[in-house]
Structure formats: C-alpha cells, structure tokens
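> Pasting a structure here, questions to come.
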Amino acid sequence: MPDKTILPGSTIGILGGGQLGRMLAQAAEQLGYHVIGYTPEANSPLSQVCEKTFCASFEDKDKLQEFAKAVDVITIEFENIPSSAIEQIENIAPVRPAKNVLYITQNRLREKQFLHKNKFPIVPFGEIASEENIETVLPKFQLPAVLKTAGFGYDGKGQAKIETIKEAHIAYKKIGAKEAIIEQFISFDKEISVIGARSTDGSFAAFGPIENQHKNHILDVSVVPANTSAEIQNQAINITKSIMENLDVIGLLCVEFFLVGKDKLYVNELAPRPHNSGHLTLNACITSQFEQHIKAITGLPLGDTSIIRSSAMANLLGDIWSKRTPKWTNALSNKDIHLYLYGKSEARPGRKMGHLTACAATAEKAYELAIKARHSLSE
Ligand code: AMP
C-alpha cells in the first residue's frame, strides 16, 4: 500500500485516554486535525479535550470497528492495547505504530529477546517461565538482581530487587507468579532517554538525550540538555534510530538507557509512544514530542527537535494533594514555570496528575527551579 500523507482536516483516532492522549490530541488539533478517542475510562484526560470519545472496552468488536470507520489513521497512547483489539481495526484504518511493534514492546521478555537477537546492548537477563526456573536461572547472576514481570509492567510496578533465592521466591509470588524475567542489577551513573520519531517515508529525528531521575521506580525529574558527552549522545541516538528501523516503527519510540561510567550504554526499556521524559519538549524544543508524533503518523515532514532553552520537568503526583490543594500561585509566581494538569479528578498517591517545567539559562538552574517550584506547592 503506497503511503499517502494524511492531511490536516482528516481525523486521527487515539486508543487510550490518559494524559499522553490528551497532549497528543491538543497537538493534533493545533495542526487542524479532528480527534476521536477510544477508552474504557469515563471522563478521561483525553475525552475532556477531543471532539468525540468512544467509551467502550477493548473487547467490544462492534465499537472498535465503528471507531475505526470514523477515522483516517489510528494511533495509541499506551502500548498495552490487546492485540485482539488491533486485529479488529487494522484493516479498516492504518494503525501507527503497527501491531508487531506493540506485540514486542508490551512484553519485557519479548522486548529483551528482540534487543538481544539484534545485538543491542542490554543488561544480562534470564527467563522465568515458572517458579522452578528460579533455582536454575538465579545462580547465573551476581546478586543483587531484579525480578520483573514480563507483561503489563510500567512505572516500576511488578518488579523487585532481590538479594537471595528466598527473596526471589517471595517476590515471584508477590508479582502474581506470572511469566517474568531476572535481570542483573547494575549501579548506573545516569539514566537517559532518547525519543526518536520516524515518519511514513522512513525519515528520522530525535529528541535528547534527556537526563532522568526516578523515585520509587517512577520518573520524578527530567532535564535537558543531558550532561553527557557528544559521543554518548550520538551512540544513544544511533541505537534509537536502528531499533526504530529494525521494528519499522512509525510514530515515536522512547528508548530508556542506563549509562555506566562515562561511556557504557545499556538499553533498559522501549515505549512506542510519547513518553513522560519528553514532556519538557513542550517548552524546551522547537517542536514538541506530541506535535512530532502527529507529524510522523500522518506523514507530514518532521519538525526541528533543537533545544531552545535548558529545561527541567518535575512530575506532580497525587501525593501533593494529600493535605490540601496545591498552591499553584506559589509556583507560577516565577515566570519561567509552565504548569500542565491532566484533568484527573481523583488525586491518589503515586498517580500522575500533572507536571511543571522550568526553563532557565542552564540545565542546573532549570533543575533547581523545578524542584523549588514543586516544593512551593505545599508550603
Ligand atoms: P523499568 O520499569 O524497567 O524501567 O524500571 C524502573 C526503574 O527501576 C528504572 O528506571 C531504574 O531506575 C530501576 N531499574 C530497573 N532495572 C534495573 C536494573 N537492572 N538495575 C538497576 N536499576 C534498575
């Protein structure tokens, strides 16, 4: 099928209703597209900003087909959409990224096997298909190691650091005794990510590297430009490009890396969609990751990813709401702070409710400003 540009005025369908879908819809609408969402969640962050939402389950074949007939191209805002749902719609409208990309990236074992087979640098891992495997697989690793569920894991959910065989058994039961992997625990010096964009004609552009800090396995703060060498920057971008070509991704792919010392990179995780670490591109870069994703899936020329201002993004989790409503005016009294709230009514601990981005003359200053602004919300 020859690739045709899907021009502004056409309709984009988004599967999934979270904040990534919301910010994708906002970028699509800026470019003159109509947006229709599909999510089981009522009053979702996406449905609040798009023209129409199908509020239905991913098992509802009729609704899925009705949705697909109403749009010109379909994209996703989270990768764990069941393959059975994609099969209902992929022959009605193009799905970008395609089913095989989701199939690999929604399961850690398949993702690691793909990376290993194609000789991308990864931390040693082993497969745990059932509890008995722990006895044979764990001795191959230096402890500590990390046990991670193969399916449906994100934000550190379904993973545990283990120091002994006994702990591995306990952790395995705790993650539901499901298919899992064991991975070498590594003391990295930095975590960085690159967000690549690849369009229908194979053209490529990348954001980053972005430097990331996690807290309790959840992304906490991201900063650009990352404090890494030009060599590492090139390596990380080349690996991202090569993975995208290998998987034939159309859209975005976020590659998260561990950097050990100054020059050893390991791929940790892939996400075929906009990524939390790329939220700062809304203020830091000429083109945002959301605008770029829309351009990639429609076949429009990709935008410039250059950084215009050093920036730092701090996530706002539901915990900040625990005592009272955050004091927005405190943070916004600094004119270099940009606030994004996702329209979620219930602020649960650990739930991503919004983020703020600070822009400054240097990455260090932006980091300090973002932390200070977030702190001032609870003062
Ligand atoms: P993941 O869900 O695999 O991205 O893991 C979430 C976070 O846990 C990562 O961003 C790291 O901070 C930490 N982590 C995951 N795997 C490892 C590992 N093998 N060694 C050390 N830290 C890890």
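Just remember, in the structure tokens the first chain shown is A, the second B, etc., residues are 1-based per chain, and ligands are 1-based in the order shown.
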Could you find all residues in segment 105-323 of chain A that DSSP calls strand (DSSP E) from the backbone, and write them as an mmCIF file with C-alpha atoms, in the first residue's frame?

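Wrote it out as result.cif, contents follow:
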```
data_model
loop_
_atom_site.group_PDB
_atom_site.id
_atom_site.type_symbol
_atom_site.label_atom_id
_atom_site.label_comp_id
_atom_site.auth_asym_id
_atom_site.auth_seq_id
_atom_site.Cartn_x
_atom_site.Cartn_y
_atom_site.Cartn_z
ATOM 1 C CA PHE A 125 18.693 -11.291 31.689
ATOM 2 C CA GLY A 126 17.075 -14.700 32.124
ATOM 3 C CA GLU A 127 13.575 -16.043 31.577
ATOM 4 C CA ILE A 128 11.402 -17.243 34.461
ATOM 5 C CA ALA A 145 19.331 -8.903 40.725
ATOM 6 C CA VAL A 146 15.950 -7.530 39.704
ATOM 7 C CA LEU A 147 12.841 -9.645 39.133
ATOM 8 C CA LYS A 148 10.364 -8.057 36.701
ATOM 9 C CA THR A 149 7.006 -9.280 35.367
ATOM 10 C CA GLN A 159 9.368 -5.528 39.964
ATOM 11 C CA ALA A 160 11.595 -6.180 42.978
ATOM 12 C CA LYS A 161 15.290 -6.066 43.829
ATOM 13 C CA ILE A 162 16.379 -9.424 45.201
ATOM 14 C CA ALA A 180 8.880 -12.908 34.495
ATOM 15 C CA ILE A 181 12.499 -12.044 33.807
ATOM 16 C CA ILE A 182 15.502 -11.817 36.077
ATOM 17 C CA GLU A 183 17.931 -9.076 35.250
ATOM 18 C CA GLN A 184 21.338 -8.149 36.598
ATOM 19 C CA LYS A 190 22.872 8.138 34.964
ATOM 20 C CA GLU A 191 19.581 7.272 33.341
ATOM 21 C CA ILE A 192 18.927 8.933 29.997
ATOM 22 C CA SER A 193 16.295 8.634 27.296
ATOM 23 C CA VAL A 194 16.097 9.422 23.615
ATOM 24 C CA ILE A 195 12.760 9.914 21.890
ATOM 25 C CA GLY A 196 13.026 9.095 18.210
ATOM 26 C CA ALA A 197 10.422 9.973 15.595
ATOM 27 C CA ARG A 198 10.098 8.063 12.337
ATOM 28 C CA PHE A 204 14.002 10.211 11.365
ATOM 29 C CA ALA A 205 14.568 12.895 14.023
ATOM 30 C CA ALA A 206 15.383 12.575 17.726
ATOM 31 C CA PHE A 207 14.937 14.454 20.987
ATOM 32 C CA GLY A 208 17.636 14.108 23.592
ATOM 33 C CA PRO A 209 19.318 12.545 25.316
ATOM 34 C CA ILE A 210 17.182 13.654 28.242
ATOM 35 C CA GLU A 211 18.572 13.040 31.736
ATOM 36 C CA ASN A 212 16.119 11.317 34.080
ATOM 37 C CA GLN A 213 15.798 10.786 37.818
ATOM 38 C CA HIS A 214 13.416 8.197 39.216
ATOM 39 C CA LYS A 215 11.893 7.997 42.689
ATOM 40 C CA ILE A 218 8.550 6.328 38.892
ATOM 41 C CA LEU A 219 10.039 9.109 36.780
ATOM 42 C CA ASP A 220 10.481 12.144 39.016
ATOM 43 C CA VAL A 221 12.532 14.764 37.159
ATOM 44 C CA SER A 222 13.824 15.090 33.561
ATOM 45 C CA VAL A 223 16.383 17.619 32.353
ATOM 46 C CA VAL A 224 17.758 18.831 29.002
ATOM 47 C CA GLY A 251 5.471 7.345 15.257
ATOM 48 C CA LEU A 252 7.647 7.831 18.334
ATOM 49 C CA LEU A 253 9.861 5.410 20.217
ATOM 50 C CA CYS A 254 11.291 6.314 23.601
ATOM 51 C CA VAL A 255 14.434 4.349 24.450
ATOM 52 C CA GLU A 256 15.466 4.461 28.109
ATOM 53 C CA PHE A 257 19.140 3.811 28.782
ATOM 54 C CA PHE A 258 21.415 3.198 31.755
ATOM 55 C CA LEU A 259 24.773 4.954 31.447
ATOM 56 C CA VAL A 260 27.573 3.236 33.371
ATOM 57 C CA LYS A 264 28.876 2.350 28.517
ATOM 58 C CA LEU A 265 25.232 2.415 27.462
ATOM 59 C CA TYR A 266 22.612 -0.283 28.085
ATOM 60 C CA VAL A 267 19.084 -0.175 26.682
ATOM 61 C CA ASN A 268 16.626 -0.631 29.565
ATOM 62 C CA GLU A 269 13.166 -0.199 28.102
ATOM 63 C CA LEU A 270 11.241 0.776 24.966
ATOM 64 C CA ALA A 271 7.968 2.711 24.722
ATOM 65 C CA SER A 310 17.571 24.429 29.038
ATOM 66 C CA SER A 311 14.607 22.964 30.900
ATOM 67 C CA ALA A 312 13.632 20.625 33.714
ATOM 68 C CA MET A 313 10.336 18.813 34.188
ATOM 69 C CA ALA A 314 9.077 17.708 37.618
ATOM 70 C CA ASN A 315 6.161 15.277 37.848
ATOM 71 C CA LEU A 316 3.253 16.179 40.121
ATOM 72 C CA LEU A 317 1.952 13.004 41.782
#
```
> So that I can check the secondary structure, give me every residue of segment 63-242 of chain A assigned helix (DSSP H, G or I) by backbone DSSP, as a PyMOL selection string.
chain A and resi 63-69+83-89+99-105+108-117+133-140+165-174+230-242
> Counting only C-alpha atoms and all ligand atoms, which of A:Glu379, A:Glu346, A:Asp189, A:Asp319 gets nearest to ligand 1?
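Using only C-alpha atoms and all ligand atoms, ligand 1 sits closest to A:Asp189.
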> Quick one: residues within 6 Å of segment 8-17 of chain A, only C-alpha atoms, excluding same-chain residues fewer than 3 positions away - as a VMD selection string?
chain A and resid 21 32 to 39 44 46 71 to 77
> Would you export the selected residues with N, CA, C and O atoms as a PDB file, in the first residue's frame, please?

```pdb
ATOM      1  N   GLY A  21      -2.535  10.850  25.631  1.00  0.00           N
ATOM      2  CA  GLY A  21      -3.577  11.019  24.618  1.00  0.00           C
ATOM      3  C   GLY A  21      -4.085  12.459  24.606  1.00  0.00           C
ATOM      4  O   GLY A  21      -4.329  13.041  23.551  1.00  0.00           O
ATOM      5  N   GLY A  32      -4.845  21.224  13.005  1.00  0.00           N
ATOM      6  CA  GLY A  32      -6.068  21.224  12.191  1.00  0.00           C
ATOM      7  C   GLY A  32      -6.703  19.862  11.970  1.00  0.00           C
ATOM      8  O   GLY A  32      -7.526  19.698  11.068  1.00  0.00           O
ATOM      9  N   TYR A  33      -6.311  18.870  12.774  1.00  0.00           N
ATOM     10  CA  TYR A  33      -6.934  17.543  12.668  1.00  0.00           C
ATOM     11  C   TYR A  33      -8.129  17.450  13.625  1.00  0.00           C
ATOM     12  O   TYR A  33      -8.175  18.141  14.643  1.00  0.00           O
ATOM     13  N   HIS A  34      -9.043  16.579  13.291  1.00  0.00           N
ATOM     14  CA  HIS A  34     -10.097  16.204  14.234  1.00  0.00           C
ATOM     15  C   HIS A  34      -9.573  15.003  15.025  1.00  0.00           C
ATOM     16  O   HIS A  34      -8.758  14.227  14.504  1.00  0.00           O
ATOM     17  N   VAL A  35     -10.030  14.862  16.256  1.00  0.00           N
ATOM     18  CA  VAL A  35      -9.550  13.743  17.079  1.00  0.00           C
ATOM     19  C   VAL A  35     -10.735  12.994  17.682  1.00  0.00           C
ATOM     20  O   VAL A  35     -11.651  13.610  18.246  1.00  0.00           O
ATOM     21  N   ILE A  36     -10.688  11.681  17.553  1.00  0.00           N
ATOM     22  CA  ILE A  36     -11.681  10.827  18.229  1.00  0.00           C
ATOM     23  C   ILE A  36     -10.919   9.853  19.125  1.00  0.00           C
ATOM     24  O   ILE A  36      -9.962   9.207  18.683  1.00  0.00           O
ATOM     25  N   GLY A  37     -11.318   9.784  20.386  1.00  0.00           N
ATOM     26  CA  GLY A  37     -10.655   8.898  21.339  1.00  0.00           C
ATOM     27  C   GLY A  37     -11.400   7.575  21.485  1.00  0.00           C
ATOM     28  O   GLY A  37     -12.581   7.471  21.136  1.00  0.00           O
ATOM     29  N   TYR A  38     -10.696   6.591  22.031  1.00  0.00           N
ATOM     30  CA  TYR A  38     -11.334   5.303  22.363  1.00  0.00           C
ATOM     31  C   TYR A  38     -10.717   4.828  23.672  1.00  0.00           C
ATOM     32  O   TYR A  38      -9.514   4.561  23.747  1.00  0.00           O
ATOM     33  N   THR A  39     -11.520   4.773  24.720  1.00  0.00           N
ATOM     34  CA  THR A  39     -11.008   4.344  26.023  1.00  0.00           C
ATOM     35  C   THR A  39     -12.147   3.807  26.881  1.00  0.00           C
ATOM     36  O   THR A  39     -13.266   4.315  26.795  1.00  0.00           O
ATOM     37  N   SER A  44     -12.199  10.791  30.771  1.00  0.00           N
ATOM     38  CA  SER A  44     -10.740  10.605  30.759  1.00  0.00           C
ATOM     39  C   SER A  44     -10.042  11.924  30.426  1.00  0.00           C
ATOM     40  O   SER A  44     -10.654  12.832  29.857  1.00  0.00           O
ATOM     41  N   LEU A  46      -8.175  12.470  28.028  1.00  0.00           N
ATOM     42  CA  LEU A  46      -8.306  12.686  26.577  1.00  0.00           C
ATOM     43  C   LEU A  46      -9.703  13.176  26.210  1.00  0.00           C
ATOM     44  O   LEU A  46      -9.852  14.140  25.464  1.00  0.00           O
ATOM     45  N   VAL A  71     -12.370   7.240  11.453  1.00  0.00           N
ATOM     46  CA  VAL A  71     -11.076   7.946  11.478  1.00  0.00           C
ATOM     47  C   VAL A  71     -10.237   7.601  10.237  1.00  0.00           C
ATOM     48  O   VAL A  71     -10.526   6.638   9.526  1.00  0.00           O
ATOM     49  N   ASP A  72      -9.194   8.405   9.995  1.00  0.00           N
ATOM     50  CA  ASP A  72      -8.316   8.176   8.829  1.00  0.00           C
ATOM     51  C   ASP A  72      -7.033   7.447   9.216  1.00  0.00           C
ATOM     52  O   ASP A  72      -6.379   6.835   8.377  1.00  0.00           O
ATOM     53  N   VAL A  73      -6.622   7.568  10.468  1.00  0.00           N
ATOM     54  CA  VAL A  73      -5.420   6.880  10.960  1.00  0.00           C
ATOM     55  C   VAL A  73      -5.620   6.669  12.461  1.00  0.00           C
ATOM     56  O   VAL A  73      -6.300   7.461  13.119  1.00  0.00           O
ATOM     57  N   ILE A  74      -5.043   5.586  12.955  1.00  0.00           N
ATOM     58  CA  ILE A  74      -5.212   5.268  14.383  1.00  0.00           C
ATOM     59  C   ILE A  74      -3.843   5.239  15.042  1.00  0.00           C
ATOM     60  O   ILE A  74      -2.880   4.699  14.496  1.00  0.00           O
ATOM     61  N   THR A  75      -3.748   5.845  16.223  1.00  0.00           N
ATOM     62  CA  THR A  75      -2.518   5.726  16.997  1.00  0.00           C
ATOM     63  C   THR A  75      -2.872   5.330  18.428  1.00  0.00           C
ATOM     64  O   THR A  75      -4.035   5.152  18.766  1.00  0.00           O
ATOM     65  N   ILE A  76      -1.828   5.174  19.237  1.00  0.00           N
ATOM     66  CA  ILE A  76      -2.042   4.682  20.596  1.00  0.00           C
ATOM     67  C   ILE A  76      -1.368   5.640  21.573  1.00  0.00           C
ATOM     68  O   ILE A  76      -0.428   6.333  21.209  1.00  0.00           O
ATOM     69  N   GLU A  77      -1.880   5.673  22.804  1.00  0.00           N
ATOM     70  CA  GLU A  77      -1.186   6.492  23.800  1.00  0.00           C
ATOM     71  C   GLU A  77      -0.665   5.616  24.939  1.00  0.00           C
ATOM     72  O   GLU A  77      -0.046   6.098  25.852  1.00  0.00           O
TER      73      GLU A  77
END
```
> So, with only C-alpha atoms as the atoms that count, which of A:Pro139, A:Gly151, A:Pro274, A:Gly303 lies closest to Gln19 of chain A?
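Smallest separation from Gln19 of chain A among the options: A:Pro274.
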> Expressed in Å to a single decimal, how great is the separation between atom CA of Lys119 of chain A and atom CA of Ser242 of chain A?
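Going from atom CA of Lys119 of chain A over to atom CA of Ser242 of chain A, I get 10.8 Å.
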> Applying 12 Å and only C-alpha atoms, which residues near Ala284 of chain A remain after dropping the ones on its own chain fewer than 3 positions away? List them as a ChimeraX atom specification.
/A:207-208,210,222-225,277-281,287-289,304-313,336-338,357-363,366
> Pick the closest to ligand 1 from A:Asn283, A:Gln106, A:Gly343, A:Ser322: which is it, counting only C-alpha atoms and all ligand atoms?
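Checking each candidate against ligand 1, we get A:Gln106 as the closest.
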> Tell me which of A:Glu51, A:Glu135, A:Asp60, A:Glu111 sits closest to ligand 1, counting only C-alpha atoms and all ligand atoms.
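For ligand 1, the nearest of the candidates is A:Glu111.
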> Identify which of the residues A:Ile104, A:Lys335, A:Lys262, A:Lys327 lies closest to His375 of chain A, counting only C-alpha atoms when measuring atom-to-atom distances.
A:Lys327
> Skipping near chain neighbours, those fewer than 3 positions away, what residues fall within 10 Å of Lys174 of chain A using only C-alpha atoms, listed as a list of chain:residue names?
A:Gly158, A:Gln159, A:Ala160, A:Ala168, A:His169, A:Ile170, A:Ala171, A:Ala177, A:Lys178
